[in-house]
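Have a look at upload38.txt; it's compact mmCIF, C-alpha atoms and all ligand atoms:
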```
# COMPACT_ATOMS: atom_id res chain seq x y z
CA MET A 1 111.14 1.50 34.68
CA SER A 2 113.19 3.95 36.73
CA ALA A 3 114.65 1.13 38.83
CA ASP A 4 116.52 0.12 35.72
CA ALA A 5 118.65 3.28 35.42
CA PHE A 6 122.32 3.02 36.35
CA ILE A 7 123.20 6.07 38.43
CA PHE A 8 126.79 6.71 39.47
CA MET A 9 128.96 9.44 40.90
CA GLY A 10 132.66 9.55 40.07
CA GLY A 11 135.34 11.30 42.07
CA THR A 12 138.67 10.97 43.76
CA PHE A 13 137.03 10.43 47.17
CA ASP A 14 140.22 11.43 48.93
CA PRO A 15 138.59 10.83 51.37
CA ILE A 16 134.88 10.12 50.87
CA HIS A 17 132.80 12.37 53.15
CA ASN A 18 129.22 13.14 54.18
CA GLY A 19 128.80 15.61 51.28
CA HIS A 20 129.26 12.70 48.84
CA LEU A 21 127.15 10.27 50.86
CA ARG A 22 124.26 12.63 51.48
CA THR A 23 124.26 13.57 47.77
CA ALA A 24 124.17 9.92 46.70
CA LEU A 25 121.37 9.09 49.12
CA GLU A 26 119.22 12.08 48.16
CA ILE A 27 119.70 11.32 44.46
CA LYS A 28 118.68 7.73 45.08
CA GLU A 29 115.47 8.79 46.78
CA TRP A 30 114.65 11.56 44.32
CA ALA A 31 115.21 9.30 41.30
CA GLY A 32 113.41 6.38 42.94
CA VAL A 33 116.13 3.87 42.08
CA GLU A 34 117.29 0.97 44.22
CA GLN A 35 121.00 1.56 43.91
CA VAL A 36 123.49 4.39 43.41
CA TYR A 37 127.17 3.71 42.74
CA LEU A 38 130.20 5.65 43.94
CA MET A 39 133.10 5.20 41.55
CA PRO A 40 136.56 6.25 42.72
CA ALA A 41 138.91 7.26 39.91
CA ARG A 42 142.23 5.61 39.38
CA ALA A 43 144.88 8.23 39.93
CA PRO A 44 147.37 8.50 37.09
CA VAL A 45 150.77 7.49 38.42
CA HIS A 46 152.10 11.05 38.13
CA LYS A 47 149.16 12.41 40.13
CA GLN A 48 149.17 9.82 42.88
CA ALA A 49 149.12 11.78 46.12
CA PRO A 50 151.94 10.78 48.43
CA GLY A 51 150.99 8.52 51.31
CA ARG A 52 147.76 7.02 50.04
CA THR A 53 146.91 4.66 47.26
CA SER A 54 143.93 4.13 44.96
CA GLU A 55 143.32 0.98 46.96
CA GLN A 56 143.03 3.01 50.19
CA ARG A 57 140.60 5.48 48.62
CA LEU A 58 138.50 2.53 47.41
CA MET A 59 138.67 0.92 50.83
CA MET A 60 137.29 4.10 52.43
CA VAL A 61 134.40 4.20 49.94
CA LYS A 62 133.63 0.55 50.75
CA GLN A 63 133.71 1.25 54.47
CA ALA A 64 131.40 4.24 54.03
CA VAL A 65 128.69 2.31 52.16
CA GLN A 66 128.94 -0.96 54.01
CA ASN A 67 125.84 -0.41 56.14
CA GLU A 68 123.83 1.49 53.53
CA ALA A 69 121.97 -1.03 51.38
CA GLY A 70 121.33 1.31 48.44
CA LEU A 71 124.83 2.74 48.08
CA ASN A 72 127.70 0.81 46.50
CA ALA A 73 131.35 1.14 45.60
CA ASP A 74 132.00 0.57 41.90
CA GLU A 75 135.55 -0.60 41.32
CA ARG A 76 135.65 -0.44 37.55
CA GLU A 77 137.89 2.64 37.23
CA ILE A 78 140.28 1.45 39.91
CA ARG A 79 140.49 -2.01 38.34
CA THR A 80 141.19 -1.07 34.73
CA GLU A 81 144.62 -0.36 33.34
CA GLN A 82 143.40 2.62 31.35
CA PRO A 83 143.51 6.11 32.85
CA SER A 84 140.22 7.27 34.39
CA TYR A 85 138.74 9.33 31.59
CA SER A 86 134.99 9.72 32.08
CA LEU A 87 134.45 9.28 28.34
CA LEU A 88 136.08 5.84 28.39
CA THR A 89 134.09 4.88 31.47
CA LEU A 90 130.82 5.97 29.84
CA GLN A 91 131.69 4.07 26.68
CA SER A 92 132.43 0.91 28.61
CA LEU A 93 129.24 1.25 30.67
CA ARG A 94 127.22 1.69 27.48
CA GLU A 95 128.85 -1.36 25.97
CA GLU A 96 128.07 -3.39 29.07
CA PHE A 97 124.44 -2.24 29.48
CA GLY A 98 123.41 -2.13 25.83
CA PRO A 99 121.73 0.76 24.01
CA ASP A 100 118.52 1.09 26.05
CA ARG A 101 119.41 1.26 29.73
CA PRO A 102 119.51 4.82 31.06
CA ILE A 103 122.91 5.77 32.48
CA CYS A 104 123.18 8.87 34.69
CA MET A 105 126.44 10.45 35.79
CA VAL A 106 126.11 12.60 38.91
CA MET A 107 128.46 15.53 39.46
CA GLY A 108 128.65 18.62 41.62
CA MET A 109 128.37 22.12 40.14
CA ASP A 110 132.13 22.61 40.67
CA SER A 111 132.80 19.68 38.35
CA TYR A 112 130.23 20.90 35.83
CA GLN A 113 131.99 24.28 35.74
CA THR A 114 135.22 22.61 34.63
CA LEU A 115 133.52 20.25 32.15
CA PRO A 116 134.99 21.88 29.02
CA SER A 117 138.44 20.82 30.20
CA TRP A 118 137.46 17.13 30.41
CA HIS A 119 138.57 14.84 27.61
CA GLY A 120 135.74 14.35 25.09
CA TRP A 121 133.15 16.11 27.29
CA HIS A 122 130.95 17.01 24.36
CA GLN A 123 130.28 13.31 23.78
CA PHE A 124 129.24 12.53 27.36
CA THR A 125 125.56 13.04 26.50
CA ASP A 126 125.88 10.49 23.67
CA TYR A 127 126.32 7.85 26.36
CA ALA A 128 124.60 9.15 29.49
CA HIS A 129 122.49 11.78 31.18
CA LEU A 130 124.18 14.21 33.54
CA ILE A 131 122.69 14.98 36.94
CA VAL A 132 124.28 18.15 38.26
CA VAL A 133 123.87 18.95 41.95
CA LYS A 134 124.27 22.39 43.43
CA ARG A 135 127.23 22.77 45.74
CA PRO A 136 127.63 25.72 48.11
CA GLY A 137 129.80 28.40 46.51
CA TYR A 138 129.39 27.24 42.89
CA GLU A 139 127.02 28.73 40.33
CA LEU A 140 125.90 27.63 36.89
CA PRO A 141 128.77 28.49 34.52
CA GLU A 142 128.27 31.45 32.19
CA GLU A 143 131.11 30.54 29.85
CA GLU A 144 129.61 30.38 26.36
CA VAL A 145 130.65 26.88 25.40
CA ILE A 146 129.12 25.32 28.50
CA ALA A 147 126.08 27.62 28.55
CA GLU A 148 125.31 26.52 25.00
CA PHE A 149 125.75 22.86 25.92
CA THR A 150 123.42 23.35 28.89
CA GLN A 151 120.82 25.05 26.73
CA GLN A 152 120.93 22.22 24.25
CA HIS A 153 120.53 19.35 26.72
CA LYS A 154 118.75 20.78 29.73
CA THR A 155 115.53 19.27 31.04
CA GLU A 156 113.51 19.91 34.15
CA LYS A 157 111.64 16.63 34.01
CA LEU A 158 113.00 13.71 35.93
CA GLU A 159 111.01 11.32 33.69
CA ASP A 160 113.19 12.34 30.75
CA LEU A 161 116.08 10.52 32.39
CA PHE A 162 114.15 7.27 32.26
CA SER A 163 112.36 7.52 28.93
CA THR A 164 115.65 7.85 27.01
CA ALA A 165 119.00 6.17 27.60
CA ALA A 166 121.15 9.32 27.36
CA GLY A 167 121.32 12.92 26.23
CA ARG A 168 119.88 15.11 28.98
CA VAL A 169 121.30 17.39 31.63
CA ILE A 170 119.24 17.98 34.76
CA PHE A 171 120.00 20.25 37.72
CA HIS A 172 118.95 19.15 41.14
CA GLU A 173 119.03 21.01 44.41
CA LEU A 174 119.62 19.04 47.58
CA THR A 175 120.60 19.71 51.16
CA PRO A 176 123.61 22.00 50.78
CA LEU A 177 126.63 20.63 52.63
CA GLY A 178 129.76 22.72 52.30
CA ILE A 179 132.08 19.83 53.05
CA SER A 180 135.09 19.09 50.83
CA ALA A 181 137.85 16.50 50.93
CA THR A 182 140.37 19.35 50.69
CA GLN A 183 138.99 20.82 53.91
CA ILE A 184 139.14 17.41 55.64
CA ARG A 185 142.75 16.79 54.56
CA GLY A 186 143.65 20.20 55.95
CA ILE A 187 141.91 19.57 59.27
CA ILE A 188 143.61 16.21 59.73
CA SER A 189 147.05 17.47 58.76
CA ARG A 190 146.71 20.19 61.41
CA GLY A 191 145.87 17.55 64.00
CA GLU A 192 142.30 18.77 64.45
CA SER A 193 139.23 16.55 64.58
CA ALA A 194 137.30 15.70 61.39
CA ARG A 195 134.45 13.97 63.20
CA TYR A 196 130.92 14.48 61.83
CA LEU A 197 132.25 15.51 58.43
CA LEU A 198 132.64 11.89 57.36
CA PRO A 199 131.58 8.46 58.64
CA ASP A 200 133.29 7.31 61.83
CA SER A 201 134.48 4.12 60.12
CA VAL A 202 136.29 6.15 57.46
CA TYR A 203 137.77 8.47 60.06
CA GLN A 204 139.04 5.44 62.01
CA PHE A 205 140.62 4.06 58.84
CA ILE A 206 142.40 7.39 58.29
CA LEU A 207 143.68 7.47 61.86
CA GLU A 208 144.81 3.84 61.83
CA ASN A 209 146.64 4.22 58.53
CA ARG A 210 147.95 7.67 59.42
CA LEU A 211 146.75 9.22 56.19
CA TYR A 212 146.85 12.93 55.31
CA GLY A 213 149.95 13.86 57.21
CA LEU A 214 148.51 13.02 60.58
CA ASP A 215 151.29 13.41 63.09
CA ASP A 216 151.66 12.23 66.68
CA LYS A 217 149.33 14.94 68.03
CA GLN A 218 146.44 12.52 67.39
CA GLY A 219 146.63 8.91 68.18
P1 LIG A 301 138.56 17.71 46.70
O1 LIG A 301 138.38 18.82 47.66
O2 LIG A 301 139.77 16.86 46.91
O3 LIG A 301 138.38 18.13 45.25
P2 LIG A 301 135.82 16.90 46.85
O4 LIG A 301 135.24 17.09 48.19
O5 LIG A 301 135.50 17.91 45.79
O6 LIG A 301 137.37 16.68 46.99
P3 LIG A 301 135.66 14.86 44.87
O7 LIG A 301 136.07 13.45 45.04
O8 LIG A 301 136.52 15.78 44.09
O9 LIG A 301 135.41 15.47 46.34
O10 LIG A 301 134.18 14.94 44.32
C1 LIG A 301 133.48 13.91 43.69
C2 LIG A 301 132.14 14.46 43.20
O11 LIG A 301 131.34 14.81 44.34
C3 LIG A 301 132.27 15.73 42.38
O12 LIG A 301 131.34 15.69 41.31
C4 LIG A 301 131.93 16.84 43.36
O13 LIG A 301 131.36 17.95 42.72
C5 LIG A 301 130.90 16.16 44.25
N1 LIG A 301 130.91 16.69 45.61
C6 LIG A 301 131.93 16.71 46.49
N2 LIG A 301 131.57 17.27 47.66
C7 LIG A 301 130.27 17.64 47.52
C8 LIG A 301 129.33 18.28 48.39
N3 LIG A 301 129.67 18.67 49.62
N4 LIG A 301 128.09 18.50 47.91
C9 LIG A 301 127.75 18.11 46.65
N5 LIG A 301 128.59 17.50 45.79
C10 LIG A 301 129.83 17.26 46.21
MG MG A 302 136.66 18.01 43.99
```
Could you show the structure in this file as structure tokens?
Ligand code: ATP
Ligand code: MG
Amino acid sequence: MSADAFIFMGGTFDPIHNGHLRTALEIKEWAGVEQVYLMPARAPVHKQAPGRTSEQRLMMVKQAVQNEAGLNADEREIRTEQPSYSLLTLQSLREEFGPDRPICMVMGMDSYQTLPSWHGWHQFTDYAHLIVVKRPGYELPEEEVIAEFTQQHKTEKLEDLFSTAAGRVIFHELTPLGISATQIRGIISRGESARYLLPDSVYQFILENRLYGLDDKQG
């Protein structure tokens, strides 16, 4: 039954790094599913970072999962014309999979903290379960609106994610990796090495395409 759940993790992946990959792999093993999907968001035109495109971010995700049978790039947000609102994505997934298939959206605690600022966040649990992973430096939010939401939907039982199609929030602790894309962009722009923070293939892609303000110090 659990093999049937659709588990995905959204993000900008600018660039994808070992924090994302390790999270996806550990979730896959913990949940006992065959596949986990990494879904890069389409950047709204006004937020497009200079020097790299949605296509390049997707390419890096594809490179990162290419030799990992259970991890996949999901292109649906990059491919649609609509802006990447999680609510719209969840609605379209639900439409595609029908009412019974469990859908789980994975996010880090930093994302969960900002949830009340996401468009239509209160409806997310109508369409999916949320799997929230601890991330070094981020605690469970105390803000009333989110604390109340947590209280309402929280479960500690993994089976609950598979016996219903949507509606639960579960917190999961995994190997803490304090890696962020912000840190990697900073390292590269200063001409330092980002090796071992992300897959070599992705790092090569960054160097070859001279992303993140890499100057002639590295070549
Ligand atoms: P940035 O620094 O640009 O915000 P990021 O490293 O946070 O990048 P995102 O693409 O914003 O990466 O994150 C996508 C998802 O992955 C988010 O839900 C985020 O919480 C989660 N995530 C990112 N890095 C880690 C990590 N090291 N451990 C656990 N979860 C992570
Ligand atoms: Mg982030």
So which one's closest to ligand LIG 301 (chain A), A:Tyr127, A:Tyr196, A:Tyr112, A:Phe97? Using only C-alpha atoms and all ligand atoms, please.
-> A:Tyr112
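All residues of protein, DNA or RNA that reach within 8 Å of Thr12 (chain A), judged by all atoms listed in the file and not counting those fewer than 4 positions away in the chain, are Pro40, Ala41, Arg42, Ala43 and Arg57 of chain A.
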Write a file of the just-selected residues containing C-alpha atoms, as a PDB file, keeping the file's coordinate frame.
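Just written: again-v4.pdb:
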```pdb
ATOM      1  CA  PRO A  40     136.560   6.250  42.720  1.00  0.00           C
ATOM      2  CA  ALA A  41     138.910   7.260  39.910  1.00  0.00           C
ATOM      3  CA  ARG A  42     142.230   5.610  39.380  1.00  0.00           C
ATOM      4  CA  ALA A  43     144.880   8.230  39.930  1.00  0.00           C
ATOM      5  CA  ARG A  57     140.600   5.480  48.620  1.00  0.00           C
TER       6      ARG A  57
END
```
Please, which residues have at least one atom within 10 Å of an atom of ligand LIG 301 (chain A), using all atoms listed in the file, listed as a ChimeraX atom specification?
-> /A:9-24,38-41,57,105-113,131-136,138,173-186,197
Between A:Glu95, A:Gln63, A:Glu139, A:Glu68, single out the one closest to Thr114 (chain A), counting only C-alpha atoms.
-> A:Glu139
Atom pair CA of Ala166 (chain A) + CA of His129 (chain A), distance 4.7 Å
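Nearest residue to Glu144 (chain A) among A:Gly191, A:Pro199, A:Gly70, A:Pro116 is A:Pro116, counting only C-alpha atoms.
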In Å, how far is it from CA of Tyr37 (chain A) to CA of Leu71 (chain A)?
-> 5.9 Å
